[in-house]
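Enquirer: Dropping in entry17.txt, which is compact mmCIF, N, CA and C atoms and all ligand atoms:
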# COMPACT_ATOMS: atom_id res chain seq x y z
N MET A 206 232.58 190.20 315.98
CA MET A 206 232.09 190.97 317.13
C MET A 206 233.26 191.55 317.90
N ALA A 207 233.13 192.76 318.33
CA ALA A 207 234.23 193.42 319.04
C ALA A 207 234.50 192.73 320.37
N LYS A 208 235.76 192.70 320.71
CA LYS A 208 236.14 192.11 321.98
C LYS A 208 235.75 193.06 323.11
N LYS A 209 235.25 192.49 324.18
CA LYS A 209 234.82 193.34 325.29
C LYS A 209 235.91 193.49 326.33
N PHE A 210 236.08 194.69 326.81
CA PHE A 210 236.99 194.90 327.93
C PHE A 210 236.13 195.29 329.13
N ASN A 211 236.25 194.55 330.17
CA ASN A 211 235.61 195.07 331.39
C ASN A 211 236.56 195.06 332.57
N LYS A 212 236.85 193.87 333.11
CA LYS A 212 237.86 193.87 334.17
C LYS A 212 239.26 193.89 333.56
N THR A 213 239.31 194.07 332.28
CA THR A 213 240.41 193.56 331.50
C THR A 213 241.70 194.34 331.46
N VAL A 214 241.69 195.64 331.59
CA VAL A 214 242.82 196.35 331.02
C VAL A 214 243.87 196.87 332.01
N TYR A 215 243.77 196.53 333.26
CA TYR A 215 244.80 197.04 334.16
C TYR A 215 245.81 195.95 334.52
N CYS A 216 246.98 196.42 334.86
CA CYS A 216 248.04 195.50 335.26
C CYS A 216 247.82 195.07 336.71
N PRO A 217 247.79 193.77 336.99
CA PRO A 217 247.53 193.32 338.35
C PRO A 217 248.67 193.65 339.32
N CYS A 218 249.80 194.02 338.78
CA CYS A 218 250.92 194.38 339.65
C CYS A 218 250.92 195.86 340.00
N CYS A 219 251.03 196.72 338.99
CA CYS A 219 251.18 198.15 339.28
C CYS A 219 249.86 198.90 339.22
N GLY A 220 248.83 198.30 338.63
CA GLY A 220 247.52 198.95 338.59
C GLY A 220 247.36 199.94 337.46
N TYR A 221 248.39 200.13 336.66
CA TYR A 221 248.23 200.99 335.50
C TYR A 221 247.46 200.27 334.41
N ILE A 222 246.76 201.05 333.63
CA ILE A 222 245.92 200.47 332.58
C ILE A 222 246.79 200.34 331.34
N THR A 223 247.48 199.24 331.28
CA THR A 223 248.50 199.06 330.26
C THR A 223 248.29 197.82 329.43
N LEU A 224 247.49 196.92 329.86
CA LEU A 224 247.43 195.66 329.12
C LEU A 224 246.08 194.98 329.25
N VAL A 225 245.94 193.93 328.50
CA VAL A 225 244.71 193.18 328.51
C VAL A 225 244.82 192.10 329.57
N PHE A 226 244.23 192.39 330.70
CA PHE A 226 244.30 191.52 331.85
C PHE A 226 243.67 190.17 331.50
N GLY A 227 244.36 189.11 331.85
CA GLY A 227 243.81 187.80 331.56
C GLY A 227 244.38 187.18 330.30
N THR A 228 245.20 187.93 329.58
CA THR A 228 245.93 187.30 328.49
C THR A 228 247.25 186.80 329.05
N THR A 229 247.94 186.00 328.31
CA THR A 229 249.24 185.53 328.77
C THR A 229 250.30 186.04 327.83
N GLY A 230 251.42 186.46 328.39
CA GLY A 230 252.57 186.82 327.58
C GLY A 230 252.65 188.28 327.23
N GLU A 231 251.66 189.06 327.59
CA GLU A 231 251.74 190.48 327.34
C GLU A 231 252.43 191.14 328.53
N MET A 232 253.35 192.05 328.26
CA MET A 232 254.12 192.62 329.35
C MET A 232 253.74 194.07 329.61
N CYS A 233 253.59 194.38 330.87
CA CYS A 233 253.29 195.76 331.25
C CYS A 233 254.52 196.63 331.01
N PRO A 234 254.38 197.71 330.26
CA PRO A 234 255.55 198.55 329.96
C PRO A 234 256.04 199.34 331.17
N ILE A 235 255.24 199.39 332.21
CA ILE A 235 255.62 200.19 333.38
C ILE A 235 256.35 199.34 334.41
N CYS A 236 255.71 198.29 334.89
CA CYS A 236 256.37 197.49 335.94
C CYS A 236 257.04 196.24 335.37
N LEU A 237 256.75 195.93 334.10
CA LEU A 237 257.32 194.77 333.41
C LEU A 237 256.76 193.44 333.89
N TRP A 238 255.64 193.48 334.57
CA TRP A 238 254.93 192.24 334.89
C TRP A 238 254.40 191.64 333.59
N GLU A 239 254.57 190.36 333.44
CA GLU A 239 254.06 189.69 332.26
C GLU A 239 252.74 189.01 332.64
N CYS A 240 251.72 189.25 331.86
CA CYS A 240 250.42 188.64 332.13
C CYS A 240 250.57 187.13 332.22
N ASP A 241 250.03 186.57 333.25
CA ASP A 241 250.16 185.14 333.47
C ASP A 241 248.81 184.59 333.92
N GLN A 242 248.18 183.87 333.00
CA GLN A 242 246.84 183.36 333.31
C GLN A 242 246.84 182.36 334.45
N GLU A 243 247.97 181.71 334.66
CA GLU A 243 248.07 180.77 335.77
C GLU A 243 247.95 181.49 337.11
N VAL A 244 248.35 182.74 337.10
CA VAL A 244 248.36 183.53 338.33
C VAL A 244 247.14 184.43 338.40
N ASP A 245 246.79 185.00 337.23
CA ASP A 245 245.70 185.97 337.18
C ASP A 245 246.02 187.09 338.17
N ASP A 246 245.12 187.40 339.09
CA ASP A 246 245.46 188.43 340.07
C ASP A 246 245.64 187.85 341.48
N ARG A 247 245.93 186.57 341.56
CA ARG A 247 246.16 185.96 342.87
C ARG A 247 247.56 186.32 343.37
N LEU A 248 247.63 186.67 344.62
CA LEU A 248 248.81 187.36 345.13
C LEU A 248 249.95 186.44 345.54
N THR A 249 249.67 185.18 345.80
CA THR A 249 250.69 184.36 346.45
C THR A 249 251.11 183.16 345.61
N ILE A 250 250.77 183.18 344.34
CA ILE A 250 251.16 182.08 343.47
C ILE A 250 252.39 182.49 342.66
N PRO A 251 253.48 181.75 342.77
CA PRO A 251 254.69 182.11 342.01
C PRO A 251 254.41 182.07 340.51
N SER A 252 254.84 183.09 339.82
CA SER A 252 254.61 183.16 338.39
C SER A 252 255.87 182.75 337.64
N PHE A 253 255.75 181.66 336.92
CA PHE A 253 256.85 181.17 336.10
C PHE A 253 257.29 182.23 335.10
N LEU A 254 256.32 182.89 334.50
CA LEU A 254 256.63 183.91 333.48
C LEU A 254 257.33 185.12 334.08
N ASN A 255 257.19 185.27 335.38
CA ASN A 255 257.76 186.44 336.04
C ASN A 255 258.85 186.02 337.02
N HIS A 256 259.68 185.12 336.56
CA HIS A 256 260.89 184.75 337.29
C HIS A 256 260.59 184.15 338.65
N GLY A 257 259.44 183.52 338.76
CA GLY A 257 259.08 182.86 340.00
C GLY A 257 258.57 183.80 341.08
N LEU A 258 258.42 185.06 340.73
CA LEU A 258 257.89 186.02 341.69
C LEU A 258 256.39 185.80 341.90
N THR A 259 255.93 186.04 343.12
CA THR A 259 254.49 186.14 343.31
C THR A 259 254.09 187.59 343.06
N LEU A 260 252.82 187.79 342.87
CA LEU A 260 252.34 189.17 342.69
C LEU A 260 252.65 190.02 343.91
N ASN A 261 252.55 189.44 345.09
CA ASN A 261 252.89 190.18 346.30
C ASN A 261 254.33 190.69 346.27
N GLU A 262 255.23 189.80 345.88
CA GLU A 262 256.65 190.19 345.81
C GLU A 262 256.86 191.24 344.72
N ALA A 263 256.20 191.01 343.59
CA ALA A 263 256.35 191.95 342.48
C ALA A 263 255.83 193.33 342.88
N LYS A 264 254.72 193.36 343.60
CA LYS A 264 254.16 194.64 344.04
C LYS A 264 255.11 195.35 345.01
N GLU A 265 255.70 194.59 345.91
CA GLU A 265 256.67 195.18 346.84
C GLU A 265 257.85 195.77 346.09
N ASN A 266 258.34 195.02 345.11
CA ASN A 266 259.46 195.53 344.32
C ASN A 266 259.05 196.76 343.53
N PHE A 267 257.83 196.74 343.03
CA PHE A 267 257.35 197.91 342.28
C PHE A 267 257.36 199.15 343.17
N GLU A 268 256.93 198.98 344.42
CA GLU A 268 256.96 200.10 345.36
C GLU A 268 258.38 200.65 345.51
N GLN A 269 259.32 199.75 345.62
CA GLN A 269 260.70 200.15 345.89
C GLN A 269 261.46 200.60 344.67
N PHE A 270 261.33 199.84 343.59
CA PHE A 270 262.21 200.05 342.44
C PHE A 270 261.47 200.53 341.21
N GLY A 271 260.14 200.50 341.23
CA GLY A 271 259.37 200.91 340.07
C GLY A 271 259.21 199.83 339.02
N VAL A 272 259.74 198.65 339.30
CA VAL A 272 259.60 197.50 338.40
C VAL A 272 259.48 196.23 339.26
N ILE A 273 259.17 195.12 338.62
CA ILE A 273 258.95 193.89 339.40
C ILE A 273 260.23 193.31 339.98
N LYS A 274 261.35 193.70 339.42
CA LYS A 274 262.62 193.20 339.92
C LYS A 274 263.67 194.29 339.75
N GLU A 275 264.49 194.47 340.77
CA GLU A 275 265.42 195.60 340.78
C GLU A 275 266.30 195.64 339.54
N GLU A 276 266.75 194.48 339.09
CA GLU A 276 267.68 194.46 337.95
C GLU A 276 267.05 194.94 336.65
N PHE A 277 265.73 195.07 336.62
CA PHE A 277 265.06 195.57 335.40
C PHE A 277 264.80 197.06 335.45
N ALA A 278 265.28 197.70 336.50
CA ALA A 278 264.94 199.11 336.71
C ALA A 278 265.31 199.99 335.53
N ASN A 279 266.32 199.61 334.77
CA ASN A 279 266.71 200.43 333.62
C ASN A 279 265.98 200.04 332.34
N GLN A 280 265.05 199.10 332.44
CA GLN A 280 264.34 198.66 331.23
C GLN A 280 262.93 199.21 331.10
N THR A 281 262.50 199.94 332.10
CA THR A 281 261.13 200.43 332.05
C THR A 281 261.08 201.81 331.40
N ILE A 282 259.89 202.28 331.16
CA ILE A 282 259.73 203.61 330.56
C ILE A 282 260.12 204.66 331.61
N PRO A 283 260.49 205.86 331.16
CA PRO A 283 260.83 206.91 332.12
C PRO A 283 259.65 207.22 333.03
N PHE A 284 259.97 207.57 334.26
CA PHE A 284 258.93 207.84 335.25
C PHE A 284 257.91 208.84 334.72
N GLU A 285 258.39 209.89 334.05
CA GLU A 285 257.47 210.94 333.56
C GLU A 285 256.47 210.39 332.56
N ALA A 286 256.85 209.31 331.87
CA ALA A 286 255.96 208.77 330.84
C ALA A 286 254.76 208.04 331.44
N ARG A 287 254.82 207.77 332.74
CA ARG A 287 253.67 207.09 333.38
C ARG A 287 252.39 207.91 333.29
N LYS A 288 252.56 209.23 333.20
CA LYS A 288 251.36 210.06 333.20
C LYS A 288 250.50 209.84 331.95
N PHE A 289 251.08 209.20 330.94
CA PHE A 289 250.30 208.90 329.74
C PHE A 289 249.37 207.70 329.94
N TYR A 290 249.53 207.04 331.05
CA TYR A 290 248.68 205.89 331.36
C TYR A 290 247.75 206.26 332.50
N LYS A 291 246.57 205.71 332.45
CA LYS A 291 245.67 205.86 333.59
C LYS A 291 245.98 204.79 334.62
N HIS A 292 245.61 205.09 335.84
CA HIS A 292 245.79 204.12 336.92
C HIS A 292 244.42 203.70 337.43
N ILE A 293 244.36 202.47 337.91
CA ILE A 293 243.11 201.92 338.41
C ILE A 293 242.53 202.78 339.55
N ASN A 294 243.40 203.47 340.26
CA ASN A 294 242.94 204.32 341.37
C ASN A 294 242.57 205.73 340.94
N ASP A 295 242.85 206.06 339.68
CA ASP A 295 242.39 207.37 339.20
C ASP A 295 240.87 207.36 339.23
N GLU A 296 240.31 208.41 339.77
CA GLU A 296 238.85 208.42 339.82
C GLU A 296 238.28 208.68 338.43
N ASN A 297 237.06 208.23 338.27
CA ASN A 297 236.39 208.39 336.97
C ASN A 297 236.43 209.82 336.51
N GLU A 298 236.56 209.96 335.25
CA GLU A 298 236.63 211.30 334.67
C GLU A 298 235.33 212.05 334.97
ZN ZN B 301 252.34 196.85 335.61
Could I get this file's structure written as structure tokens?

Expert:
Amino acid sequence: MAKKFNKTVYCPCCGYITLVFGTTGEMCPICLWECDQEVDDRLTIPSFLNHGLTLNEAKENFEQFGVIKEEFANQTIPFEARKFYKHINDENE
């Protein structure tokens, strides 16, 4: 049976539709947040997989640097490539 995606496919950090939400170990190519089931989308729980950052901290860093941590800024995809991904705030087609 096919796997169902419903709440599943956006990154809880940057909101881009890049990954299967709720899996562990998959990394968002845009903000580099790694899916962490221990954290899910809770904002204030430090994520071991994400260098001890909470989602709140990661989101703040994403605003500033475009990635979850400044030192990873050169590891993400080019800014222009983001347009190939949909964002959770994009309105329905
Ligand atoms: Zn992301």

Enquirer: Show me which residues sit within 12 Å of ligand ZN 301 (chain B) when counting only C-alpha atoms and all ligand atoms, and put them as a CSV table (one decimal) with N, CA and C atoms, in the frame of the given file.

Expert:
chain,number,residue,atom,x,y,z
A,214,VAL,N,241.7,195.6,331.6
A,214,VAL,CA,242.8,196.4,331.0
A,214,VAL,C,243.9,196.9,332.0
A,215,TYR,N,243.8,196.5,333.3
A,215,TYR,CA,244.8,197.0,334.2
A,215,TYR,C,245.8,196.0,334.5
A,216,CYS,N,247.0,196.4,334.9
A,216,CYS,CA,248.0,195.5,335.3
A,216,CYS,C,247.8,195.1,336.7
A,217,PRO,N,247.8,193.8,337.0
A,217,PRO,CA,247.5,193.3,338.4
A,217,PRO,C,248.7,193.6,339.3
A,218,CYS,N,249.8,194.0,338.8
A,218,CYS,CA,250.9,194.4,339.6
A,218,CYS,C,250.9,195.9,340.0
A,219,CYS,N,251.0,196.7,339.0
A,219,CYS,CA,251.2,198.2,339.3
A,219,CYS,C,249.9,198.9,339.2
A,220,GLY,N,248.8,198.3,338.6
A,220,GLY,CA,247.5,199.0,338.6
A,220,GLY,C,247.4,199.9,337.5
A,221,TYR,N,248.4,200.1,336.7
A,221,TYR,CA,248.2,201.0,335.5
A,221,TYR,C,247.5,200.3,334.4
A,222,ILE,N,246.8,201.0,333.6
A,222,ILE,CA,245.9,200.5,332.6
A,222,ILE,C,246.8,200.3,331.3
A,223,THR,N,247.5,199.2,331.3
A,223,THR,CA,248.5,199.1,330.3
A,223,THR,C,248.3,197.8,329.4
A,224,LEU,N,247.5,196.9,329.9
A,224,LEU,CA,247.4,195.7,329.1
A,224,LEU,C,246.1,195.0,329.2
A,225,VAL,N,245.9,193.9,328.5
A,225,VAL,CA,244.7,193.2,328.5
A,225,VAL,C,244.8,192.1,329.6
A,226,PHE,N,244.2,192.4,330.7
A,226,PHE,CA,244.3,191.5,331.8
A,226,PHE,C,243.7,190.2,331.5
A,231,GLU,N,251.7,189.1,327.6
A,231,GLU,CA,251.7,190.5,327.3
A,231,GLU,C,252.4,191.1,328.5
A,232,MET,N,253.4,192.0,328.3
A,232,MET,CA,254.1,192.6,329.4
A,232,MET,C,253.7,194.1,329.6
A,233,CYS,N,253.6,194.4,330.9
A,233,CYS,CA,253.3,195.8,331.2
A,233,CYS,C,254.5,196.6,331.0
A,234,PRO,N,254.4,197.7,330.3
A,234,PRO,CA,255.6,198.6,330.0
A,234,PRO,C,256.0,199.3,331.2
A,235,ILE,N,255.2,199.4,332.2
A,235,ILE,CA,255.6,200.2,333.4
A,235,ILE,C,256.4,199.3,334.4
A,236,CYS,N,255.7,198.3,334.9
A,236,CYS,CA,256.4,197.5,335.9
A,236,CYS,C,257.0,196.2,335.4
A,237,LEU,N,256.8,195.9,334.1
A,237,LEU,CA,257.3,194.8,333.4
A,237,LEU,C,256.8,193.4,333.9
A,238,TRP,N,255.6,193.5,334.6
A,238,TRP,CA,254.9,192.2,334.9
A,238,TRP,C,254.4,191.6,333.6
A,239,GLU,N,254.6,190.4,333.4
A,239,GLU,CA,254.1,189.7,332.3
A,239,GLU,C,252.7,189.0,332.6
A,240,CYS,N,251.7,189.2,331.9
A,240,CYS,CA,250.4,188.6,332.1
A,240,CYS,C,250.6,187.1,332.2
A,246,ASP,N,245.1,187.4,339.1
A,246,ASP,CA,245.5,188.4,340.1
A,246,ASP,C,245.6,187.8,341.5
A,255,ASN,N,257.2,185.3,335.4
A,255,ASN,CA,257.8,186.4,336.0
A,255,ASN,C,258.8,186.0,337.0
A,260,LEU,N,252.8,187.8,342.9
A,260,LEU,CA,252.3,189.2,342.7
A,260,LEU,C,252.6,190.0,343.9
A,263,ALA,N,256.2,191.0,343.6
A,263,ALA,CA,256.4,192.0,342.5
A,263,ALA,C,255.8,193.3,342.9
A,264,LYS,N,254.7,193.4,343.6
A,264,LYS,CA,254.2,194.6,344.0
A,264,LYS,C,255.1,195.4,345.0
A,266,ASN,N,258.3,195.0,345.1
A,266,ASN,CA,259.5,195.5,344.3
A,266,ASN,C,259.0,196.8,343.5
A,267,PHE,N,257.8,196.7,343.0
A,267,PHE,CA,257.4,197.9,342.3
A,267,PHE,C,257.4,199.2,343.2
A,268,GLU,N,256.9,199.0,344.4
A,268,GLU,CA,257.0,200.1,345.4
A,268,GLU,C,258.4,200.6,345.5
A,271,GLY,N,260.1,200.5,341.2
A,271,GLY,CA,259.4,200.9,340.1
A,271,GLY,C,259.2,199.8,339.0
A,272,VAL,N,259.7,198.6,339.3
A,272,VAL,CA,259.6,197.5,338.4
A,272,VAL,C,259.5,196.2,339.3
A,273,ILE,N,259.2,195.1,338.6
A,273,ILE,CA,259.0,193.9,339.4
A,273,ILE,C,260.2,193.3,340.0
A,274,LYS,N,261.4,193.7,339.4
A,274,LYS,CA,262.6,193.2,339.9
A,274,LYS,C,263.7,194.3,339.8
A,281,THR,N,262.5,199.9,332.1
A,281,THR,CA,261.1,200.4,332.0
A,281,THR,C,261.1,201.8,331.4
A,282,ILE,N,259.9,202.3,331.2
A,282,ILE,CA,259.7,203.6,330.6
A,282,ILE,C,260.1,204.7,331.6
A,287,ARG,N,254.8,207.8,332.7
A,287,ARG,CA,253.7,207.1,333.4
A,287,ARG,C,252.4,207.9,333.3
A,290,TYR,N,249.5,207.0,331.0
A,290,TYR,CA,248.7,205.9,331.4
A,290,TYR,C,247.8,206.3,332.5
A,291,LYS,N,246.6,205.7,332.4
A,291,LYS,CA,245.7,205.9,333.6
A,291,LYS,C,246.0,204.8,334.6
A,292,HIS,N,245.6,205.1,335.8
A,292,HIS,CA,245.8,204.1,336.9
A,292,HIS,C,244.4,203.7,337.4
A,293,ILE,N,244.4,202.5,337.9
A,293,ILE,CA,243.1,201.9,338.4
A,293,ILE,C,242.5,202.8,339.6

Enquirer: When DSSP works through the backbone of this structure, what residues of chain A end up as strand (DSSP E or B), shown as number ranges by chain?

Expert: A: 221, 232, 239, 252, 258, 292

Enquirer: List every protein, DNA or RNA residue that has an atom no more than 5 Å from (250.2, 183.2, 329.5) in the file's coordinate frame, counting all atoms listed in the file, and report them as an MDAnalysis selection string.

Expert: chainID A and resid 228:230 240:242

Enquirer: Would you list, as a list in words, the residues of chain A that end up in alpha helix (DSSP H) under DSSP run on this structure's backbone?

Expert: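 Answer for chain A restricted to alpha helix (DSSP H) is Leu260, Asn261, Glu262, Ala263, Lys264, Glu265, Asn266, Phe267, Glu268, Gln269 and Phe270 of chain A.
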
Enquirer: Nearest residue to Arg247 (chain A) out of A:Asn279, A:Thr259, A:Gln269, A:Asn294, using only C-alpha atoms?

Expert: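 Among the listed residues, A:Thr259 lies closest to Arg247 (chain A).
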
Enquirer: Could you please determine the separation between CA of Ser252 (chain A) and atom N of Phe289 (chain A) in Å, to one decimal place?

Expert: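 Rounded to one decimal, the two atoms are 27.3 Å apart.
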
Enquirer: How many Å separate CA of Glu296 (chain A) from CA of Ala278 (chain A)?

Expert: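 Between CA of Glu296 (chain A) and CA of Ala278 (chain A) the gap is 27.9 Å.
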
Enquirer: Kindly give the distance, in Å, that separates atom C of Phe277 (chain A) and CA of Val244 (chain A), rounded to a single decimal.

Expert: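 Here the two named atoms are 21.5 Å from each other.
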
Enquirer: Would it be fine to have region 282-295 of chain A, with N, CA and C atoms, given as a PDB file, in the first residue's frame?

Expert:
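Resulting contents of result31.pdb:
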ATOM      1  N   ILE A 282      21.993  24.776  -0.436  1.00  0.00           N
ATOM      2  CA  ILE A 282      21.817  25.003  -1.869  1.00  0.00           C
ATOM      3  C   ILE A 282      21.804  26.514  -2.135  1.00  0.00           C
ATOM      4  N   PRO A 283      22.124  26.916  -3.359  1.00  0.00           N
ATOM      5  CA  PRO A 283      22.082  28.348  -3.675  1.00  0.00           C
ATOM      6  C   PRO A 283      20.691  28.922  -3.446  1.00  0.00           C
ATOM      7  N   PHE A 284      20.662  30.168  -3.031  1.00  0.00           N
ATOM      8  CA  PHE A 284      19.391  30.825  -2.723  1.00  0.00           C
ATOM      9  C   PHE A 284      18.410  30.690  -3.887  1.00  0.00           C
ATOM     10  N   GLU A 285      18.902  30.869  -5.113  1.00  0.00           N
ATOM     11  CA  GLU A 285      18.005  30.819  -6.289  1.00  0.00           C
ATOM     12  C   GLU A 285      17.349  29.453  -6.435  1.00  0.00           C
ATOM     13  N   ALA A 286      18.009  28.413  -5.926  1.00  0.00           N
ATOM     14  CA  ALA A 286      17.470  27.064  -6.086  1.00  0.00           C
ATOM     15  C   ALA A 286      16.260  26.817  -5.190  1.00  0.00           C
ATOM     16  N   ARG A 287      16.043  27.701  -4.225  1.00  0.00           N
ATOM     17  CA  ARG A 287      14.872  27.525  -3.349  1.00  0.00           C
ATOM     18  C   ARG A 287      13.559  27.567  -4.113  1.00  0.00           C
ATOM     19  N   LYS A 288      13.572  28.264  -5.243  1.00  0.00           N
ATOM     20  CA  LYS A 288      12.313  28.402  -5.966  1.00  0.00           C
ATOM     21  C   LYS A 288      11.818  27.068  -6.527  1.00  0.00           C
ATOM     22  N   PHE A 289      12.693  26.075  -6.549  1.00  0.00           N
ATOM     23  CA  PHE A 289      12.264  24.753  -7.006  1.00  0.00           C
ATOM     24  C   PHE A 289      11.477  24.000  -5.940  1.00  0.00           C
ATOM     25  N   TYR A 290      11.451  24.547  -4.758  1.00  0.00           N
ATOM     26  CA  TYR A 290      10.698  23.927  -3.670  1.00  0.00           C
ATOM     27  C   TYR A 290       9.484  24.785  -3.356  1.00  0.00           C
ATOM     28  N   LYS A 291       8.425  24.125  -2.972  1.00  0.00           N
ATOM     29  CA  LYS A 291       7.273  24.860  -2.481  1.00  0.00           C
ATOM     30  C   LYS A 291       7.458  25.161  -1.004  1.00  0.00           C
ATOM     31  N   HIS A 292       6.771  26.192  -0.574  1.00  0.00           N
ATOM     32  CA  HIS A 292       6.808  26.559   0.842  1.00  0.00           C
ATOM     33  C   HIS A 292       5.419  26.364   1.431  1.00  0.00           C
ATOM     34  N   ILE A 293       5.399  26.038   2.715  1.00  0.00           N
ATOM     35  CA  ILE A 293       4.143  25.794   3.404  1.00  0.00           C
ATOM     36  C   ILE A 293       3.210  27.012   3.325  1.00  0.00           C
ATOM     37  N   ASN A 294       3.790  28.195   3.192  1.00  0.00           N
ATOM     38  CA  ASN A 294       2.969  29.408   3.104  1.00  0.00           C
ATOM     39  C   ASN A 294       2.540  29.759   1.686  1.00  0.00           C
ATOM     40  N   ASP A 295       3.072  29.017   0.712  1.00  0.00           N
ATOM     41  CA  ASP A 295       2.582  29.240  -0.655  1.00  0.00           C
ATOM     42  C   ASP A 295       1.113  28.853  -0.678  1.00  0.00           C
TER      43      ASP A 295
END
